[in-house]
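Student: Here you go, this is entry10.cif (mmCIF, C-alpha atoms).
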```
data_target
loop_
_atom_site.label_atom_id
_atom_site.label_comp_id
_atom_site.auth_asym_id
_atom_site.auth_seq_id
_atom_site.Cartn_x
_atom_site.Cartn_y
_atom_site.Cartn_z
CA MET A 1 0.00 0.00 0.00
CA SER A 2 2.00 2.97 -1.29
CA LEU A 3 1.76 6.63 -0.36
CA GLN A 4 0.52 7.35 -3.87
CA TYR A 5 -2.24 4.78 -3.38
CA LEU A 6 -3.33 6.66 -0.25
CA LYS A 7 -3.20 10.03 -2.02
CA ASP A 8 -5.30 8.65 -4.86
CA ALA A 9 -7.78 7.22 -2.33
CA ALA A 10 -8.03 10.61 -0.60
CA ALA A 11 -8.60 12.34 -3.95
CA ARG A 12 -11.53 10.06 -4.79
CA HIS A 13 -12.85 10.22 -1.17
CA ASP A 14 -12.35 6.48 -0.73
CA ALA A 15 -12.72 6.42 3.04
CA GLU A 16 -12.64 2.63 3.23
CA ALA A 17 -9.19 2.48 1.62
CA LEU A 18 -7.89 5.17 3.97
CA ILE A 19 -9.29 3.71 7.17
CA ARG A 20 -7.94 0.32 6.18
CA TYR A 21 -4.46 1.84 6.09
CA VAL A 22 -5.00 3.51 9.46
CA ARG A 23 -6.06 0.18 10.96
CA LEU A 24 -3.00 -1.52 9.48
CA HIS A 25 -0.74 1.23 10.84
CA LEU A 26 -2.25 1.14 14.33
CA GLY A 27 -2.43 -2.65 14.35
CA ASP A 28 1.13 -3.22 13.12
CA GLY A 29 -0.08 -4.83 9.91
CA ASP A 30 -3.16 -6.58 11.34
CA GLU A 31 -6.36 -4.80 10.31
CA GLY A 32 -8.58 -6.47 12.90
CA ARG A 33 -6.15 -5.65 15.66
CA GLY A 34 -5.95 -2.06 14.44
CA ARG A 35 -9.73 -1.78 14.63
CA ARG A 36 -9.63 -2.99 18.23
CA GLU A 37 -6.84 -0.54 19.01
CA ILE A 38 -8.97 2.35 17.76
CA ASP A 39 -11.83 1.22 19.98
CA LYS A 40 -9.44 0.84 22.91
CA ALA A 41 -8.17 4.41 22.50
CA TRP A 42 -11.72 5.79 22.61
CA VAL A 43 -12.52 3.79 25.71
CA GLU A 44 -9.37 5.14 27.37
CA ALA A 45 -10.33 8.67 26.31
CA LEU A 46 -13.74 8.30 27.90
CA LYS A 47 -12.70 6.81 31.23
CA PRO A 48 -10.85 9.83 32.74
CA LEU A 49 -13.83 12.09 31.97
CA LEU A 50 -16.55 10.08 33.69
CA ASP A 51 -16.05 11.88 37.02
CA VAL A 52 -16.00 15.22 35.19
CA PRO A 53 -12.67 16.40 36.62
CA PRO A 54 -11.54 19.95 35.77
CA THR A 55 -9.74 20.04 32.42
CA ASP A 56 -7.70 22.74 30.75
CA ARG A 57 -10.36 23.87 28.32
CA GLU A 58 -8.42 27.04 27.48
CA PHE A 59 -5.43 24.96 26.39
CA ILE A 60 -7.67 22.83 24.20
CA HIS A 61 -9.42 25.84 22.69
CA GLU A 62 -6.18 27.72 22.06
CA THR A 63 -4.52 24.65 20.54
CA LEU A 64 -7.43 23.96 18.21
CA SER A 65 -7.68 27.65 17.28
CA THR A 66 -4.03 28.31 16.61
CA LYS A 67 -2.43 25.15 15.30
CA ASP A 68 -2.54 24.07 11.67
CA PRO A 69 -4.60 21.05 10.57
CA ALA A 70 -1.55 18.87 9.93
CA THR A 71 -0.17 19.48 13.42
CA LEU A 72 -3.55 18.70 14.96
CA ALA A 73 -3.89 15.54 12.87
CA HIS A 74 -0.41 14.52 13.96
CA LEU A 75 -1.40 15.18 17.57
CA PHE A 76 -4.42 12.92 17.05
CA PHE A 77 -2.12 10.02 16.16
CA ASP A 78 0.07 10.81 19.18
CA LEU A 79 -2.97 10.87 21.42
CA HIS A 80 -4.06 7.49 20.10
CA PHE A 81 -0.76 5.92 21.15
CA TYR A 82 -0.78 7.83 24.45
CA LEU A 83 -4.22 6.45 25.27
CA VAL A 84 -3.56 2.85 24.26
CA LYS A 85 -0.37 2.93 26.33
CA ARG A 86 -2.39 4.17 29.33
CA SER A 87 -4.64 1.15 28.91
CA GLY A 88 -1.80 -1.07 30.06
CA GLU A 89 -2.31 -3.40 27.09
CA TRP A 90 0.55 -2.69 24.70
CA ILE A 91 0.37 -4.76 21.52
CA HIS A 92 3.37 -3.26 19.75
CA ASP A 93 6.76 -4.91 19.55
CA GLY A 94 8.72 -1.71 20.13
CA ASN A 95 8.72 1.53 22.06
CA LEU A 96 7.22 4.97 21.55
CA MET B 1 32.19 -11.63 -3.40
CA THR B 2 29.62 -13.36 -5.56
CA ALA B 3 29.73 -13.83 -9.30
CA THR B 4 27.10 -11.10 -9.75
CA SER B 5 28.89 -8.44 -7.76
CA SER B 6 31.05 -6.90 -10.44
CA ASP B 7 30.93 -3.12 -10.51
CA ARG B 8 28.77 -3.05 -13.67
CA GLU B 9 26.17 -5.54 -12.59
CA GLN B 10 23.23 -4.98 -10.31
CA LEU B 11 23.84 -6.49 -6.93
CA ARG B 12 20.95 -8.89 -6.19
CA PRO B 13 19.07 -7.94 -9.39
CA GLY B 14 15.89 -9.76 -8.42
CA LEU B 15 15.56 -8.16 -5.01
CA TRP B 16 12.82 -5.63 -5.76
CA ALA B 17 10.82 -8.10 -7.85
CA THR B 18 10.93 -10.50 -4.93
CA VAL B 19 9.83 -7.81 -2.47
CA ASN B 20 6.91 -6.81 -4.64
CA GLU B 21 5.91 -10.39 -5.26
CA ARG B 22 5.80 -11.09 -1.53
CA TYR B 23 4.20 -7.76 -0.56
CA PRO B 24 1.74 -6.81 -3.33
CA GLY B 25 1.21 -3.06 -3.49
CA SER B 26 4.51 -2.41 -1.78
CA MET B 27 5.87 1.10 -2.15
CA ILE B 28 9.21 -0.29 -3.26
CA THR B 29 10.10 -0.15 -6.92
CA LYS B 30 13.57 0.44 -8.20
CA SER B 31 15.20 -0.41 -11.48
CA ASP B 32 18.24 1.90 -11.37
CA LEU B 33 21.64 0.30 -11.46
CA VAL B 34 23.22 0.47 -8.03
CA PRO B 35 26.87 -0.21 -8.78
CA LEU B 36 28.99 -1.95 -6.21
CA THR B 37 31.70 0.31 -4.81
CA LYS B 38 34.79 -1.65 -4.00
CA LEU B 39 36.80 -0.88 -0.90
CA GLY B 40 39.88 1.14 -1.85
CA LYS B 41 42.10 -0.18 0.93
CA PRO B 42 41.99 -2.85 3.62
CA LEU B 43 39.30 -2.52 6.26
CA ALA B 44 42.05 -2.60 8.87
CA ALA B 45 43.30 0.70 7.45
CA SER B 46 39.86 2.22 6.82
CA ARG B 47 37.63 4.55 8.79
CA LEU B 48 34.25 2.87 9.16
CA THR B 49 30.89 4.44 9.81
CA PHE B 50 27.69 2.70 10.80
CA VAL B 51 24.16 3.47 9.57
CA SER B 52 21.22 1.79 11.23
CA THR B 53 17.42 1.82 10.97
CA ALA B 54 17.11 0.67 14.58
CA GLY B 55 15.74 3.96 15.92
CA VAL B 56 18.60 4.23 18.41
CA GLN B 57 19.32 7.72 19.70
CA PRO B 58 21.10 9.50 22.55
CA ARG B 59 18.97 9.76 25.67
CA GLY B 60 17.31 13.13 26.00
CA THR B 61 17.10 13.89 22.28
CA LEU B 62 13.73 14.36 20.57
CA PRO B 63 12.30 10.86 20.12
CA PHE B 64 11.87 9.56 16.60
CA ASP B 65 8.31 10.12 15.45
CA VAL B 66 6.91 6.61 15.50
CA THR B 67 3.26 7.71 15.44
CA HIS B 68 3.18 9.65 12.16
CA PRO B 69 1.33 7.56 9.56
CA VAL B 70 3.77 8.45 6.79
CA GLY B 71 6.96 8.11 8.80
CA ASP B 72 9.87 10.12 10.17
CA TYR B 73 12.52 11.38 7.75
CA SER B 74 15.01 12.63 10.32
CA PHE B 75 18.18 11.01 11.58
CA ARG B 76 20.26 11.18 14.73
CA ARG B 77 23.99 11.33 15.15
CA VAL B 78 25.19 8.90 17.76
CA PRO B 79 28.75 9.34 19.08
CA SER B 80 30.71 6.21 18.26
CA SER B 81 32.10 6.41 21.80
CA ALA B 82 28.61 6.20 23.31
CA GLU B 83 27.85 3.54 25.88
CA PRO B 84 24.59 1.58 25.62
CA ALA B 85 23.38 3.27 28.80
CA ASP B 86 23.65 6.61 26.99
CA LEU B 87 21.27 5.45 24.27
CA GLU B 88 17.61 4.49 23.91
CA ILE B 89 15.37 3.04 21.21
CA HIS B 90 12.29 4.72 19.78
CA GLN B 91 10.82 2.39 17.20
CA LEU B 92 7.46 0.62 17.20
CA LYS B 93 7.83 -1.77 14.32
CA TYR B 94 10.30 -4.39 15.46
CA PRO B 95 10.65 -6.34 18.71
CA THR B 96 13.01 -4.38 20.95
CA ALA B 97 13.03 -6.70 23.96
CA GLY B 98 16.36 -8.28 23.02
CA ALA B 99 17.93 -4.96 22.10
CA ASN B 100 16.82 -3.50 25.41
CA ARG B 101 18.81 -6.23 27.16
CA ASP B 102 21.85 -5.87 24.88
CA LEU B 103 21.83 -3.00 22.43
CA ASN B 104 24.61 -4.64 20.44
CA VAL B 105 22.16 -7.04 18.83
CA VAL B 106 20.86 -4.18 16.65
CA PHE B 107 23.40 -1.42 17.24
CA PRO B 108 26.77 -3.09 17.79
CA LEU B 109 28.87 -0.10 18.84
CA GLU B 110 30.73 -2.07 21.51
CA ARG B 111 31.51 -4.87 19.07
CA LEU B 112 32.74 -2.38 16.48
CA ARG B 113 35.00 -0.78 19.08
CA ASP B 114 36.28 -4.28 19.94
CA LEU B 115 37.15 -4.80 16.27
CA VAL B 116 38.98 -1.47 16.19
CA ALA B 117 40.93 -2.47 19.31
CA GLU B 118 41.82 -5.79 17.66
CA GLY B 119 42.99 -4.03 14.51
CA ALA B 120 40.35 -5.54 12.22
CA ILE B 121 38.92 -2.07 11.55
CA GLY B 122 41.13 1.00 11.22
CA ALA B 123 38.90 3.42 13.09
CA LEU B 124 35.32 4.51 13.55
CA THR B 125 33.98 7.87 12.49
CA PRO B 126 33.27 10.24 15.42
CA ASP B 127 29.54 9.72 14.92
CA VAL B 128 27.42 6.91 13.55
CA TYR B 129 23.89 7.34 12.19
CA SER B 130 20.44 6.16 13.08
CA PHE B 131 16.92 6.57 11.74
CA ILE B 132 13.69 4.56 11.75
CA GLY B 133 12.79 2.27 8.92
CA TYR B 134 9.03 2.87 8.87
CA ASN B 135 8.73 5.38 6.02
CA MET B 136 5.94 5.39 3.44
CA ASP B 137 7.57 7.80 1.00
CA PRO B 138 10.65 6.15 -0.51
CA GLU B 139 11.23 9.06 -2.89
CA ARG B 140 11.48 11.47 0.03
CA LEU B 141 13.60 8.97 1.91
CA GLU B 142 16.04 8.77 -0.98
CA ARG B 143 16.11 12.47 -1.83
CA THR B 144 16.33 13.90 1.67
CA LEU B 145 17.22 11.49 4.46
CA ALA B 146 19.59 9.28 2.47
CA GLU B 147 21.30 12.29 0.90
CA GLU B 148 21.64 14.03 4.27
CA ILE B 149 23.16 10.97 5.88
CA ALA B 150 25.46 10.44 2.89
CA ALA B 151 26.68 14.04 3.15
CA ALA B 152 27.29 13.68 6.88
CA VAL B 153 29.12 10.40 6.40
CA ALA B 154 31.31 11.94 3.69
CA ALA B 155 32.06 14.94 5.92
CA ASP B 156 33.12 12.53 8.65
CA GLY B 157 35.72 11.09 6.26
CA ALA B 158 34.22 7.62 6.25
CA GLU B 159 35.89 5.19 3.87
CA ALA B 160 33.48 2.32 4.45
CA ALA B 161 30.00 2.03 5.85
CA LEU B 162 28.25 -0.79 7.64
CA LEU B 163 24.52 -0.60 6.85
CA ALA B 164 22.24 -2.50 9.17
CA PRO B 165 18.44 -2.72 8.92
CA ALA B 166 16.67 -3.52 12.17
#
```
Any chance you could give the structure as structure tokens?
Tutor:
Amino acid sequence: MSLQYLKDAAARHDAEALIRYVRLHLGDGDEGRGRREIDKAWVEALKPLLDVPPTDREFIHETLSTKDPATLAHLFFDLHFYLVKRSGEWIHDGNL
Amino acid sequence: MTATSSDREQLRPGLWATVNERYPGSMITKSDLVPLTKLGKPLAASRLTFVSTAGVQPRGTLPFDVTHPVGDYSFRRVPSSAEPADLEIHQLKYPTAGANRDLNVVFPLERLRDLVAEGAIGALTPDVYSFIGYNMDPERLERTLAEEIAAAVAADGAEAALLAPA
């Protein structure tokens, strides 16, 4: 699955081709595992908020208002790995 | 040296076809001749550098970006005098458990220094080089990262290079 393949998929709005790559990336080559990793990240994102602790809303607002879309998208991938690491179930062979 | 390794023949000519056969849709295609460069003098009189995809870097430096879906096209200089305790691995895509116990299994600085001490290698360059191998844009890899490392290696006065994928 080449970068050009992904760019072509984005150009024709082929979401299924793109999400398949994301699952493969997050699942280290295993699409099913990648799907479960995405779910796991969302579960881990939800858990700390259930008690409604104070959060730095200004930081979030400023970050979303001032940073470019590529940086924010990059941050989204970083947050995914941050959250799955917090889960305590680390499927990857290597280190962040 | 094998029969196919003359300086006008492609070294392992079927390599890319094999890769693409085994990994359909792979980003790797290459038909350019990559001529073999013969060593100009004995290794025992040569200054060797080391280039690795192991994601090894000095502790405290910005970690390689292992989360970006298209890869990280930066490299790190690692002093060839560095001790394993001075270094750490940032790489998701290969098992690092063994390397965490003994870094030499992927980044054999201590073994290379042993070979220098024994006289098998003339010397090491002041720095060796490390990057991560998960990169989706081989054109960018070739035109930027590989060129940058090649320039740094040349500036270090390297006469031979040990290339080691992780």
Student: Rounded to one decimal, what separation in Å do you get between atom CA of B:Gly55 and atom CA of B:Val70?
Tutor: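 About the pair atom CA of B:Gly55 and atom CA of B:Val70: they are 15.7 Å apart.
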Student: Select, as a PDB file with C-alpha atoms, in the frame of the given file, those residues of chain A with any atom no more than 8 Å from chain B (distances computed using all atoms listed in the file).
Tutor:
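Written output follows (out20.pdb):
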```pdb
ATOM      1  CA  MET A   1       0.000   0.000   0.000  1.00  0.00           C
ATOM      2  CA  SER A   2       2.000   2.970  -1.290  1.00  0.00           C
ATOM      3  CA  LEU A   3       1.760   6.630  -0.360  1.00  0.00           C
ATOM      4  CA  VAL A  22      -5.000   3.510   9.460  1.00  0.00           C
ATOM      5  CA  HIS A  25      -0.740   1.230  10.840  1.00  0.00           C
ATOM      6  CA  ASP A  28       1.130  -3.220  13.120  1.00  0.00           C
ATOM      7  CA  HIS A  74      -0.410  14.520  13.960  1.00  0.00           C
ATOM      8  CA  PHE A  77      -2.120  10.020  16.160  1.00  0.00           C
ATOM      9  CA  ASP A  78       0.070  10.810  19.180  1.00  0.00           C
ATOM     10  CA  PHE A  81      -0.760   5.920  21.150  1.00  0.00           C
ATOM     11  CA  HIS A  92       3.370  -3.260  19.750  1.00  0.00           C
ATOM     12  CA  ASP A  93       6.760  -4.910  19.550  1.00  0.00           C
ATOM     13  CA  GLY A  94       8.720  -1.710  20.130  1.00  0.00           C
ATOM     14  CA  ASN A  95       8.720   1.530  22.060  1.00  0.00           C
ATOM     15  CA  LEU A  96       7.220   4.970  21.550  1.00  0.00           C
TER      16      LEU A  96
END
```
Student: Applying 9 Å and only C-alpha atoms, which residues near stretch 41-49 of chain B remain after dropping the ones on its own chain fewer than 5 positions away? List them as a PDB file with C-alpha atoms, in the coordinates of the input.
Tutor:
```
ATOM      1  CA  SER B  80      30.710   6.210  18.260  1.00  0.00           C
ATOM      2  CA  VAL B 116      38.980  -1.470  16.190  1.00  0.00           C
ATOM      3  CA  GLY B 119      42.990  -4.030  14.510  1.00  0.00           C
ATOM      4  CA  ALA B 120      40.350  -5.540  12.220  1.00  0.00           C
ATOM      5  CA  ILE B 121      38.920  -2.070  11.550  1.00  0.00           C
ATOM      6  CA  GLY B 122      41.130   1.000  11.220  1.00  0.00           C
ATOM      7  CA  ALA B 123      38.900   3.420  13.090  1.00  0.00           C
ATOM      8  CA  LEU B 124      35.320   4.510  13.550  1.00  0.00           C
ATOM      9  CA  THR B 125      33.980   7.870  12.490  1.00  0.00           C
ATOM     10  CA  PRO B 126      33.270  10.240  15.420  1.00  0.00           C
ATOM     11  CA  ASP B 127      29.540   9.720  14.920  1.00  0.00           C
ATOM     12  CA  VAL B 128      27.420   6.910  13.550  1.00  0.00           C
ATOM     13  CA  TYR B 129      23.890   7.340  12.190  1.00  0.00           C
ATOM     14  CA  VAL B 153      29.120  10.400   6.400  1.00  0.00           C
ATOM     15  CA  ASP B 156      33.120  12.530   8.650  1.00  0.00           C
ATOM     16  CA  GLY B 157      35.720  11.090   6.260  1.00  0.00           C
ATOM     17  CA  ALA B 158      34.220   7.620   6.250  1.00  0.00           C
ATOM     18  CA  GLU B 159      35.890   5.190   3.870  1.00  0.00           C
ATOM     19  CA  ALA B 160      33.480   2.320   4.450  1.00  0.00           C
ATOM     20  CA  ALA B 161      30.000   2.030   5.850  1.00  0.00           C
ATOM     21  CA  LEU B 162      28.250  -0.790   7.640  1.00  0.00           C
ATOM     22  CA  LEU B 163      24.520  -0.600   6.850  1.00  0.00           C
TER      23      LEU B 163
END
```
Student: With the file shown as input, list the residues that the PyMOL selection byres ((chain B and resi 59) around 8) selects, as an MDAnalysis selection string.
Tutor: chainID B and resid 57:58 60:61 86:88
Student: If the box runs along x, y and z of the file and leaves 6 Å on each side of stretch 113-131 of chain B, what are its centre and edge lengths in Å, one decimal, as lines of an AutoDock Vina configuration file?
Tutor:
```
center_x = 30.0
center_y = 2.2
center_z = 15.6
size_x = 38.1
size_y = 28.0
size_z = 20.7
```
Student: Determine the residue set returned by the PyMOL selection byres ((chain A and resi 45-47) around 10) for the present structure, and present it as a list of chain:residue names.
Tutor: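 That expression, the PyMOL selection byres ((chain A and resi 45-47) around 10), corresponds here to A:Asp39, A:Lys40, A:Ala41, A:Trp42, A:Val43, A:Glu44, A:Pro48, A:Leu49, A:Leu50, A:Asp51, A:Val52, A:Leu79, A:His80, A:Tyr82, A:Leu83, A:Val84, A:Arg86, A:Ser87.
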Student: Of the residues B:Leu62, B:Leu36, B:Ala82, B:Leu141, which is the one nearest to B:Phe107, using all atoms listed in the file?
Tutor: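 Smallest distance to B:Phe107 is found for B:Ala82.
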Student: Atom CA of A:Ala73 and atom CA of A:Ile60, how far apart in Å?
Tutor: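 Result for atom CA of A:Ile60 versus atom CA of A:Ala73: 14.0 Å, one decimal.
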Student: For atom CA of A:Glu62 and atom CA of B:Gly71, determine how far apart the two atoms are, in Å to one decimal place.
Tutor: 27.1 Å
Student: Ranking A:Pro53, A:Arg12, A:Glu37, A:Pro69 by minimum distance to A:Leu24 and counting only C-alpha atoms, which one comes first?
Tutor: A:Glu37
